[in-house]
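Worksheet for the structure shown next.
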Amino acid sequence: MALVEVRNLVKHFERGGGLFREKTIVRAVDDVSFTVDEGETFALVGESGSGKSTTGRCLLRLIEPTSGEVTFRGENVLGFSSARMRAARRDMQMVFQDPYSSLNPRMRAFTIVEEPLVIHGIGSKAERRDRVADLFKLVGLDPAHLERYPHEFSGGQRQRIGLARALALNPSFIIADEPVSALDVSIQAQVINLLMDLQQQLKLTYLFIAHDLRLVRHISQRVAVMYLGKIVEMGPTAQIFANPQHAYTRALLSAVPALDPDAPRTRIELDPKLVNREAPLKEIAAGHFAAL
Amino acid sequence: MEPLLKVENLRTVFGPVVAVNDVSFELRKGETLGLVGESGSGKSVTAFSIIRLVQEPGQIETGRILFQGKDLLALPEEEMRQVRGAGIGFVFQEPMSALNPVMKIGAHIAEALMVHDMASRRDARGRAIELLRAVKIVDPERRVDDYPHQLSGGMRQRVMMAIALACRPPLIIADEPTTALDVTVQAQILELLRDMKRQFDLSLLLITHDFGVIAETADRVAVMYRGQIVEQGPVREILRNPQHPYTRGLLDSIPGGEPGTRLRGVSI
């Protein structure tokens with residue numbers, strides 16, 4: 001069952017423009033459609049400037065999309081009033097990339113995690129205190145450290161605080177935007193394990209935005225590959241990795257360094273001129289779409 | 001044969017913190033040695049110790065750094081300046097902060113050449129264009145007059161390579177040269193590194209946190225953990241059969257096994 005449906009999402013940014021200069025329009029997200037099924041991890045991959053983060057932000061209306069439709073449990077999110085949107089965000093939360101800049105340095109960890117509960121008027125003071133301590137335990141932090149400030153935690157711990165905050169309101173849908181890319185490899189592994197555990201335990205649905213293809217292969221069931229604002233290929237992760245069809249997907253996958261010293265190294269270079277930007281996504285096998 | 005670079009019992013401290021603790025390794029001529037580790041492992045401090053540019057209050061406490069037979073730690077600063085650039089070239093992680101935003105690309109290269117008396121002001125421009133062509137920058141005659149912000153991240157890293165190569169040093173130290181880049185651009189830069197190595201007869205000390213980069217580029221690898229080298233050997237050997245629990249943990253942290261399974265990670 002589709003939890004989230006995105007149809008023809010467009011986000012254009014105007015750039016420049018002045019007395020003597022013409023405005024240019026950047027098509028950051030250019031007619032993007034996909035669905036995220038309940039309980040799955042759906043990954044959006046792409047390189048910088050592909051529009052993957054902007055897409056994620058548009059879904060929660062942290063950025064207002066130019067046009068398109070986003071439905072959550074069948075309701076059109078883009079039509080919500082701001083009050084209704086605030087209420088909807090209880091169920092849709094975001095985890096950000098940088099655990100250093102996404103937490104307020106002047107707030108104690110307790111206050112950071114408690115804040116969403118206060119904003120939504122949930123529980124008494126004592127109840128909130130218990131809830132935050134439970135959330136701390138849930139993400140593998142020691143409740144004895146609730147009164148500490150963000151700088152007293154390591155990067156991995158800070159990302160856990162961000163996660164506890166996102167989970168405070170019991171959401172069913174989490175958009176994780178590069179949640180481990182700022183962390184060391186060994187810490188990444190711990191946070192990835194935690195994300196997978198929490199998904200099972202709390203029946204979460206993830207939209208996972210990442211550039212790390214090894215990670216995407218590991219954590220997601222379906223994936224959409226973005227290139228210059230468009231989805232160029234989408235389908236079951238195993239199938240896309242085994243049998244990529246779009247020239248960009250092939251180039252991207254072939255650029256990942258192989259850890260096996262004996263693996264054949266066949267780099268495929270992308271010739272951007274050979275990419276037809278106007279080609280529509282077509283279903284080429286069951287659930288596997290490519291814009292060829 | 002005498003190794004090109006030999007680091008013996010290097011110890012670099014920042015006050016009470018021992019950043020590099022009794023590190024020893026050799027780099028043979030023509031070889032690429034990867035120094036791999038996570039943040040705080042001491043890999044970058046090791047690199048900066050070699051060229052004696054450890055930031056205050058860091059201090060090299062003991063050890064010897066033999067480069068072409070000379071102990072760099074015993075050289076007067078004047079001679080050390082000659083070694084930097086002409087003996088050992090350096091490529092940094094963040095090309096944008098390593099380049100001067102108000103200086104044209106050509107001027108950066110010209111400066112490197114003139115400091116080491118490798119070219120007169122008149123010849124410098126032509127040499128800069130040649131070097132930009134060598135690092136495969138398209139249209140070098142035009143790009144030489146660009147400012148750093150006009151270039152993409154990948155092109156800036158190529159410019160860094162051109163600057164490092166300007167004085168034809170036999171050794172290049174590259175500190176996380178592809179960390180800030182997209183994966184397709186990373187692949188191009190790694191390929192360029194391999195090309196340059198052949199073309200300019202270089203040896204390479206490659207500092208990285210990424211075992212993938214090591215697997216693609218290095219002949220041998222030294223794994224650093226908490227200021228020490230815990231394991232070193234041929235890349236194939238270490239990838240196939242890591243002996244130290246930290247090396248094993250680091251390799252187990254990288255997703256790549258059965259999708260959806262727990263990652264084993266580091267457990268020491």
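Residues in the structure tokens are named by chain (A, B, ... in the order shown) and by number from 1 within that chain; ligands are numbered from 1 in the order shown.
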
Checklist entry - Could you pull the residues within 9 Å of range 219-233 of chain B, counting only C-alpha atoms, minus those fewer than 3 positions along the same chain, as JSON, numbers by chain? => result {"B": [11, 12, 18, 19, 20, 21, 22, 23, 24, 25, 31, 32, 33, 34, 35, 36, 37, 38, 40, 41, 42, 43, 46, 214, 215, 236, 237, 238, 242, 243, 244, 246, 247]}

Those same residues, written as a PDB file, in the first residue's frame with C-alpha atoms?
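And here's part_5.pdb as it stands now:
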```pdb
ATOM      1  CA  ARG B  11      55.759  11.015  17.523  1.00  0.00           C
ATOM      2  CA  THR B  12      53.736  14.218  17.210  1.00  0.00           C
ATOM      3  CA  VAL B  18      49.641  12.167  21.425  1.00  0.00           C
ATOM      4  CA  ALA B  19      48.322  12.472  17.866  1.00  0.00           C
ATOM      5  CA  VAL B  20      50.968  10.301  16.221  1.00  0.00           C
ATOM      6  CA  ASN B  21      52.536   7.650  18.392  1.00  0.00           C
ATOM      7  CA  ASP B  22      55.656   5.816  17.262  1.00  0.00           C
ATOM      8  CA  VAL B  23      54.741   5.607  13.590  1.00  0.00           C
ATOM      9  CA  SER B  24      57.164   3.978  11.162  1.00  0.00           C
ATOM     10  CA  PHE B  25      56.751   3.158   7.481  1.00  0.00           C
ATOM     11  CA  GLU B  31      54.876   3.040  -5.105  1.00  0.00           C
ATOM     12  CA  THR B  32      51.502   4.266  -3.857  1.00  0.00           C
ATOM     13  CA  LEU B  33      51.142   3.845  -0.128  1.00  0.00           C
ATOM     14  CA  GLY B  34      47.700   4.414   1.359  1.00  0.00           C
ATOM     15  CA  LEU B  35      47.365   5.665   4.904  1.00  0.00           C
ATOM     16  CA  VAL B  36      43.837   4.836   6.006  1.00  0.00           C
ATOM     17  CA  GLY B  37      42.015   5.688   9.218  1.00  0.00           C
ATOM     18  CA  GLU B  38      39.029   7.478  10.721  1.00  0.00           C
ATOM     19  CA  GLY B  40      41.405  11.474  14.918  1.00  0.00           C
ATOM     20  CA  SER B  41      43.488   8.476  13.856  1.00  0.00           C
ATOM     21  CA  GLY B  42      46.513  10.688  13.187  1.00  0.00           C
ATOM     22  CA  LYS B  43      46.763  10.105   9.442  1.00  0.00           C
ATOM     23  CA  THR B  46      51.428  12.223  10.012  1.00  0.00           C
ATOM     24  CA  ILE B 214      42.736   2.483  -1.309  1.00  0.00           C
ATOM     25  CA  ALA B 215      41.580  -0.605  -3.203  1.00  0.00           C
ATOM     26  CA  ARG B 236      45.276  -7.225  -1.691  1.00  0.00           C
ATOM     27  CA  GLU B 237      46.565  -9.053   1.366  1.00  0.00           C
ATOM     28  CA  ILE B 238      44.930  -6.654   3.837  1.00  0.00           C
ATOM     29  CA  PRO B 242      42.945  -8.486   7.627  1.00  0.00           C
ATOM     30  CA  GLN B 243      44.676  -9.519  10.833  1.00  0.00           C
ATOM     31  CA  HIS B 244      44.118  -6.677  13.278  1.00  0.00           C
ATOM     32  CA  TYR B 246      40.359  -2.815  14.017  1.00  0.00           C
ATOM     33  CA  THR B 247      41.104  -3.405  10.324  1.00  0.00           C
TER      34      THR B 247
END
```

Checklist entry - Leaving out Phe80 in chain A and any residue of its chain fewer than 2 positions from it, which residues lie within 12 Å of it when counting only C-alpha atoms, given as a list in words? => result Leu60, Arg61, Glu64, Glu69, Val70, Thr71, Phe72, Glu75, Asn76, Val77, Leu78, Ser82, Ala83, Arg84, Met85, Arg86, Ala87, Ala88 and Arg89 of chain A

Please identify every residue of chain B that has at least one atom no farther than 9 Å from an atom of chain A, counting only C-alpha atoms, and for each give the shortest atom pair and the distance in Å to one decimal, arranged by chain then increasing number, as a tab-separated table.
```
residue	atom	partner	partner_atom	distance
B:Glu38	CA	A:Asp184	CA	6.0
B:Ser39	CA	A:Asp184	CA	6.8
B:Leu181	CA	A:Ser48	CA	8.9
B:Asp182	CA	A:Glu47	CA	5.9
B:Val183	CA	A:Ala255	CA	6.0
B:Thr184	CA	A:Ala255	CA	5.3
B:Val185	CA	A:Ala255	CA	8.4
B:Gln186	CA	A:Ala255	CA	7.8
B:Ala187	CA	A:Ala255	CA	5.5
B:Gln188	CA	A:Ala255	CA	8.5
B:His209	CA	A:Val185	CA	8.0
B:Asp210	CA	A:Val185	CA	8.3
B:Phe211	CA	A:Leu259	CA	7.1
B:Gly212	CA	A:Pro257	CA	4.9
B:Val213	CA	A:Pro257	CA	6.3
B:Ile214	CA	A:Leu259	CA	8.5
B:Ala215	CA	A:Leu259	CA	5.7
B:Glu216	CA	A:Pro257	CA	6.2
B:Val235	CA	A:Pro261	CA	7.8
B:Arg236	CA	A:Pro261	CA	5.7
B:Leu239	CA	A:Asp260	CA	7.3
B:Arg240	CA	A:Asp260	CA	8.0
B:Gly249	CA	A:Ser186	CA	7.5
B:Leu250	CA	A:Ser186	CA	6.0
B:Leu251	CA	A:Ser186	CA	8.8
B:Asp252	CA	A:Ser186	CA	8.5
B:Ser253	CA	A:Ala189	CA	5.1
B:Ile254	CA	A:Val185	CA	6.8
B:Pro255	CA	A:Leu215	CA	5.6
B:Gly256	CA	A:Arg214	CA	6.0
B:Gly257	CA	A:His218	CA	7.6
B:Glu258	CA	A:His218	CA	7.2
B:Pro259	CA	A:His218	CA	4.1
B:Gly260	CA	A:Ile219	CA	5.4
B:Thr261	CA	A:His218	CA	7.7
B:Arg262	CA	A:Asn193	CA	5.6
B:Leu263	CA	A:Ala189	CA	5.8
B:Arg264	CA	A:Ala189	CA	7.5
B:Gly265	CA	A:Ser186	CA	5.7
B:Val266	CA	A:Ser186	CA	5.9
```

Take the residues that were just selected and, keeping N, CA and C atoms, output them as a compact mmCIF listing (two decimals), in the first residue's frame.
```
# COMPACT_ATOMS: atom_id res chain seq x y z
N GLU B 38 40.19 6.62 10.50
CA GLU B 38 39.03 7.48 10.72
C GLU B 38 39.48 8.81 11.31
N SER B 39 38.52 9.70 11.58
CA SER B 39 38.93 10.99 12.12
C SER B 39 39.61 10.81 13.46
N LEU B 181 34.21 15.21 -3.24
CA LEU B 181 33.71 15.12 -4.61
C LEU B 181 32.62 14.06 -4.78
N ASP B 182 31.79 14.26 -5.78
CA ASP B 182 30.82 13.24 -6.17
C ASP B 182 31.54 12.00 -6.67
N VAL B 183 30.84 10.86 -6.61
CA VAL B 183 31.50 9.59 -6.90
C VAL B 183 31.99 9.48 -8.35
N THR B 184 31.25 10.06 -9.31
CA THR B 184 31.72 9.98 -10.69
C THR B 184 32.95 10.87 -10.89
N VAL B 185 32.98 12.01 -10.20
CA VAL B 185 34.13 12.90 -10.30
C VAL B 185 35.33 12.27 -9.57
N GLN B 186 35.04 11.63 -8.43
CA GLN B 186 36.09 10.92 -7.70
C GLN B 186 36.78 9.90 -8.60
N ALA B 187 35.97 9.16 -9.36
CA ALA B 187 36.54 8.14 -10.24
C ALA B 187 37.49 8.78 -11.25
N GLN B 188 37.10 9.95 -11.77
CA GLN B 188 37.97 10.64 -12.73
C GLN B 188 39.27 11.10 -12.09
N HIS B 209 40.09 8.10 4.30
CA HIS B 209 39.30 7.31 5.25
C HIS B 209 38.59 6.19 4.50
N ASP B 210 38.76 6.15 3.18
CA ASP B 210 37.91 5.32 2.33
C ASP B 210 38.68 4.12 1.78
N PHE B 211 38.34 2.95 2.25
CA PHE B 211 39.03 1.74 1.80
C PHE B 211 38.82 1.50 0.30
N GLY B 212 37.69 2.00 -0.24
CA GLY B 212 37.46 1.86 -1.67
C GLY B 212 38.53 2.59 -2.47
N VAL B 213 38.86 3.80 -2.03
CA VAL B 213 39.90 4.59 -2.70
C VAL B 213 41.24 3.86 -2.63
N ILE B 214 41.51 3.26 -1.49
CA ILE B 214 42.74 2.48 -1.31
C ILE B 214 42.77 1.30 -2.28
N ALA B 215 41.64 0.58 -2.35
CA ALA B 215 41.58 -0.61 -3.20
C ALA B 215 41.83 -0.25 -4.66
N GLU B 216 41.37 0.95 -5.06
CA GLU B 216 41.50 1.36 -6.46
C GLU B 216 42.88 1.89 -6.79
N VAL B 235 47.91 -4.18 -0.37
CA VAL B 235 46.47 -3.90 -0.33
C VAL B 235 45.66 -5.18 -0.46
N ARG B 236 46.02 -5.99 -1.45
CA ARG B 236 45.28 -7.22 -1.69
C ARG B 236 45.24 -8.11 -0.45
N LEU B 239 43.02 -6.52 2.34
CA LEU B 239 41.59 -6.61 2.02
C LEU B 239 41.10 -8.05 2.15
N ARG B 240 41.93 -8.98 1.73
CA ARG B 240 41.55 -10.38 1.73
C ARG B 240 41.61 -10.99 3.13
N GLY B 249 37.20 -4.73 11.67
CA GLY B 249 36.00 -3.98 12.02
C GLY B 249 35.70 -2.89 11.01
N LEU B 250 36.76 -2.21 10.57
CA LEU B 250 36.59 -1.12 9.62
C LEU B 250 36.03 -1.67 8.30
N LEU B 251 36.57 -2.80 7.86
CA LEU B 251 36.08 -3.40 6.61
C LEU B 251 34.66 -3.94 6.79
N ASP B 252 34.37 -4.46 7.98
CA ASP B 252 33.01 -4.97 8.24
C ASP B 252 31.99 -3.84 8.38
N SER B 253 32.46 -2.62 8.59
CA SER B 253 31.53 -1.49 8.73
C SER B 253 31.00 -1.04 7.38
N ILE B 254 31.68 -1.41 6.31
CA ILE B 254 31.28 -0.94 4.98
C ILE B 254 30.16 -1.83 4.45
N PRO B 255 29.00 -1.22 4.11
CA PRO B 255 27.92 -2.04 3.58
C PRO B 255 28.39 -2.74 2.30
N GLY B 256 27.95 -3.94 2.08
CA GLY B 256 28.39 -4.66 0.89
C GLY B 256 28.01 -6.12 0.94
N GLY B 257 27.66 -6.59 2.12
CA GLY B 257 27.25 -7.99 2.25
C GLY B 257 25.79 -8.15 1.86
N GLU B 258 25.13 -9.09 2.48
CA GLU B 258 23.72 -9.35 2.21
C GLU B 258 22.89 -8.12 2.61
N PRO B 259 22.13 -7.53 1.66
CA PRO B 259 21.35 -6.34 2.00
C PRO B 259 20.42 -6.59 3.19
N GLY B 260 20.27 -5.56 4.02
CA GLY B 260 19.33 -5.63 5.13
C GLY B 260 19.87 -6.31 6.38
N THR B 261 21.05 -6.91 6.28
CA THR B 261 21.61 -7.56 7.47
C THR B 261 22.33 -6.53 8.33
N ARG B 262 22.50 -6.85 9.60
CA ARG B 262 23.22 -5.93 10.48
C ARG B 262 24.68 -5.87 10.07
N LEU B 263 25.25 -4.66 10.16
CA LEU B 263 26.67 -4.50 9.86
C LEU B 263 27.44 -4.82 11.13
N ARG B 264 28.54 -5.57 10.97
CA ARG B 264 29.23 -6.00 12.18
C ARG B 264 30.02 -4.87 12.84
N GLY B 265 30.70 -4.08 12.04
CA GLY B 265 31.35 -2.90 12.59
C GLY B 265 32.55 -3.19 13.47
N VAL B 266 33.04 -2.13 14.12
CA VAL B 266 34.23 -2.21 14.96
C VAL B 266 33.82 -2.58 16.37
```

Item to check | Test item: residues at most 12 Å from Arg148 in chain A, only C-alpha atoms, excluding those fewer than 3 positions along its chain, as a PyMOL selection string | outcome: chain A and resi 105-112+141-145+151-154+157-158+161

Item to check | Shell of 10 Å around range 222-229 of chain A, only C-alpha atoms, local chain residues under 2 positions omitted, as an NGL selection string | outcome: :A and (10-12 or 26-34 or 36-37 or 40-52 or 54-55 or 207-209 or 211 or 216-217 or 219-220 or 231-241 or 246 or 248-249 or 252 or 277 or 287-290)

Checklist entry - Any idea what's packed within 12 Å of Pro169 in chain B, counting only C-alpha atoms, ignoring anything in its chain fewer than 2 positions away? Could you give it as a ChimeraX atom specification? => result /B:4,67-68,82-90,112-113,116,118,161-167,171-173,196-197,200-204

Checklist entry - Out of range 129-223 of chain B, which residues get alpha helix (DSSP H) from DSSP, as a PyMOL selection string? => result chain B and resi 129-134+140-143+153-165+183-199+211-217

Item to check | Per-residue DSSP, range 132-259 of chain A, filtered to strand (DSSP E or B), as a PyMOL selection string | outcome: chain A and resi 173-177+205-210+222-227+230-236

Emit the selected residues as a tab-separated table (two decimals), in the first residue's frame, including N, CA and C atoms.
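As written to disk, part04.tsv reads:
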```tsv
chain	number	residue	atom	x	y	z
A	173	PHE	N	6.30	8.00	9.11
A	173	PHE	CA	7.11	8.24	7.91
A	173	PHE	C	8.30	9.14	8.27
A	174	ILE	N	9.50	8.69	7.92
A	174	ILE	CA	10.69	9.50	8.20
A	174	ILE	C	11.48	9.71	6.92
A	175	ILE	N	11.78	10.99	6.67
A	175	ILE	CA	12.67	11.31	5.56
A	175	ILE	C	14.06	11.49	6.16
A	176	ALA	N	14.98	10.65	5.76
A	176	ALA	CA	16.34	10.72	6.28
A	176	ALA	C	17.24	11.24	5.17
A	177	ASP	N	17.72	12.47	5.33
A	177	ASP	CA	18.51	13.11	4.28
A	177	ASP	C	19.99	12.95	4.61
A	205	THR	N	8.28	3.82	7.91
A	205	THR	CA	8.53	3.89	6.47
A	205	THR	C	9.59	4.96	6.26
A	206	TYR	N	10.63	4.62	5.49
A	206	TYR	CA	11.71	5.58	5.27
A	206	TYR	C	11.77	6.05	3.82
A	207	LEU	N	11.97	7.35	3.67
A	207	LEU	CA	12.48	7.86	2.40
A	207	LEU	C	13.93	8.20	2.70
A	208	PHE	N	14.84	7.48	2.06
A	208	PHE	CA	16.24	7.57	2.41
A	208	PHE	C	16.97	8.29	1.28
A	209	ILE	N	17.49	9.49	1.59
A	209	ILE	CA	18.17	10.27	0.56
A	209	ILE	C	19.67	10.12	0.76
A	210	ALA	N	20.36	9.64	-0.26
A	210	ALA	CA	21.79	9.35	-0.06
A	210	ALA	C	22.55	9.40	-1.36
A	222	ARG	N	13.58	-0.37	-2.59
A	222	ARG	CA	13.42	0.23	-3.92
A	222	ARG	C	14.22	1.51	-3.98
A	223	VAL	N	14.59	1.89	-5.20
A	223	VAL	CA	15.45	3.05	-5.36
A	223	VAL	C	15.05	3.83	-6.60
A	224	ALA	N	15.19	5.17	-6.50
A	224	ALA	CA	15.02	6.03	-7.67
A	224	ALA	C	16.33	6.78	-7.87
A	225	VAL	N	16.84	6.76	-9.08
A	225	VAL	CA	18.11	7.45	-9.38
A	225	VAL	C	17.78	8.79	-10.00
A	226	MET	N	18.28	9.86	-9.38
A	226	MET	CA	18.00	11.21	-9.89
A	226	MET	C	19.22	11.79	-10.60
A	227	TYR	N	18.93	12.49	-11.68
A	227	TYR	CA	19.99	13.14	-12.45
A	227	TYR	C	19.43	14.45	-12.97
A	230	LYS	N	15.62	15.08	-12.48
A	230	LYS	CA	14.64	14.08	-12.94
A	230	LYS	C	15.00	12.69	-12.41
A	231	ILE	N	13.97	11.84	-12.27
A	231	ILE	CA	14.24	10.43	-12.00
A	231	ILE	C	14.52	9.77	-13.36
A	232	VAL	N	15.72	9.19	-13.48
A	232	VAL	CA	16.04	8.55	-14.76
A	232	VAL	C	15.83	7.04	-14.71
A	233	GLU	N	15.81	6.49	-13.48
A	233	GLU	CA	15.58	5.05	-13.36
A	233	GLU	C	15.03	4.76	-11.97
A	234	MET	N	14.15	3.78	-11.88
A	234	MET	CA	13.51	3.48	-10.60
A	234	MET	C	13.08	2.02	-10.59
A	235	GLY	N	13.22	1.38	-9.43
A	235	GLY	CA	12.76	0.01	-9.35
A	235	GLY	C	13.31	-0.69	-8.13
A	236	PRO	N	13.13	-2.03	-8.07
A	236	PRO	CA	13.66	-2.79	-6.95
A	236	PRO	C	15.19	-2.63	-6.91
```
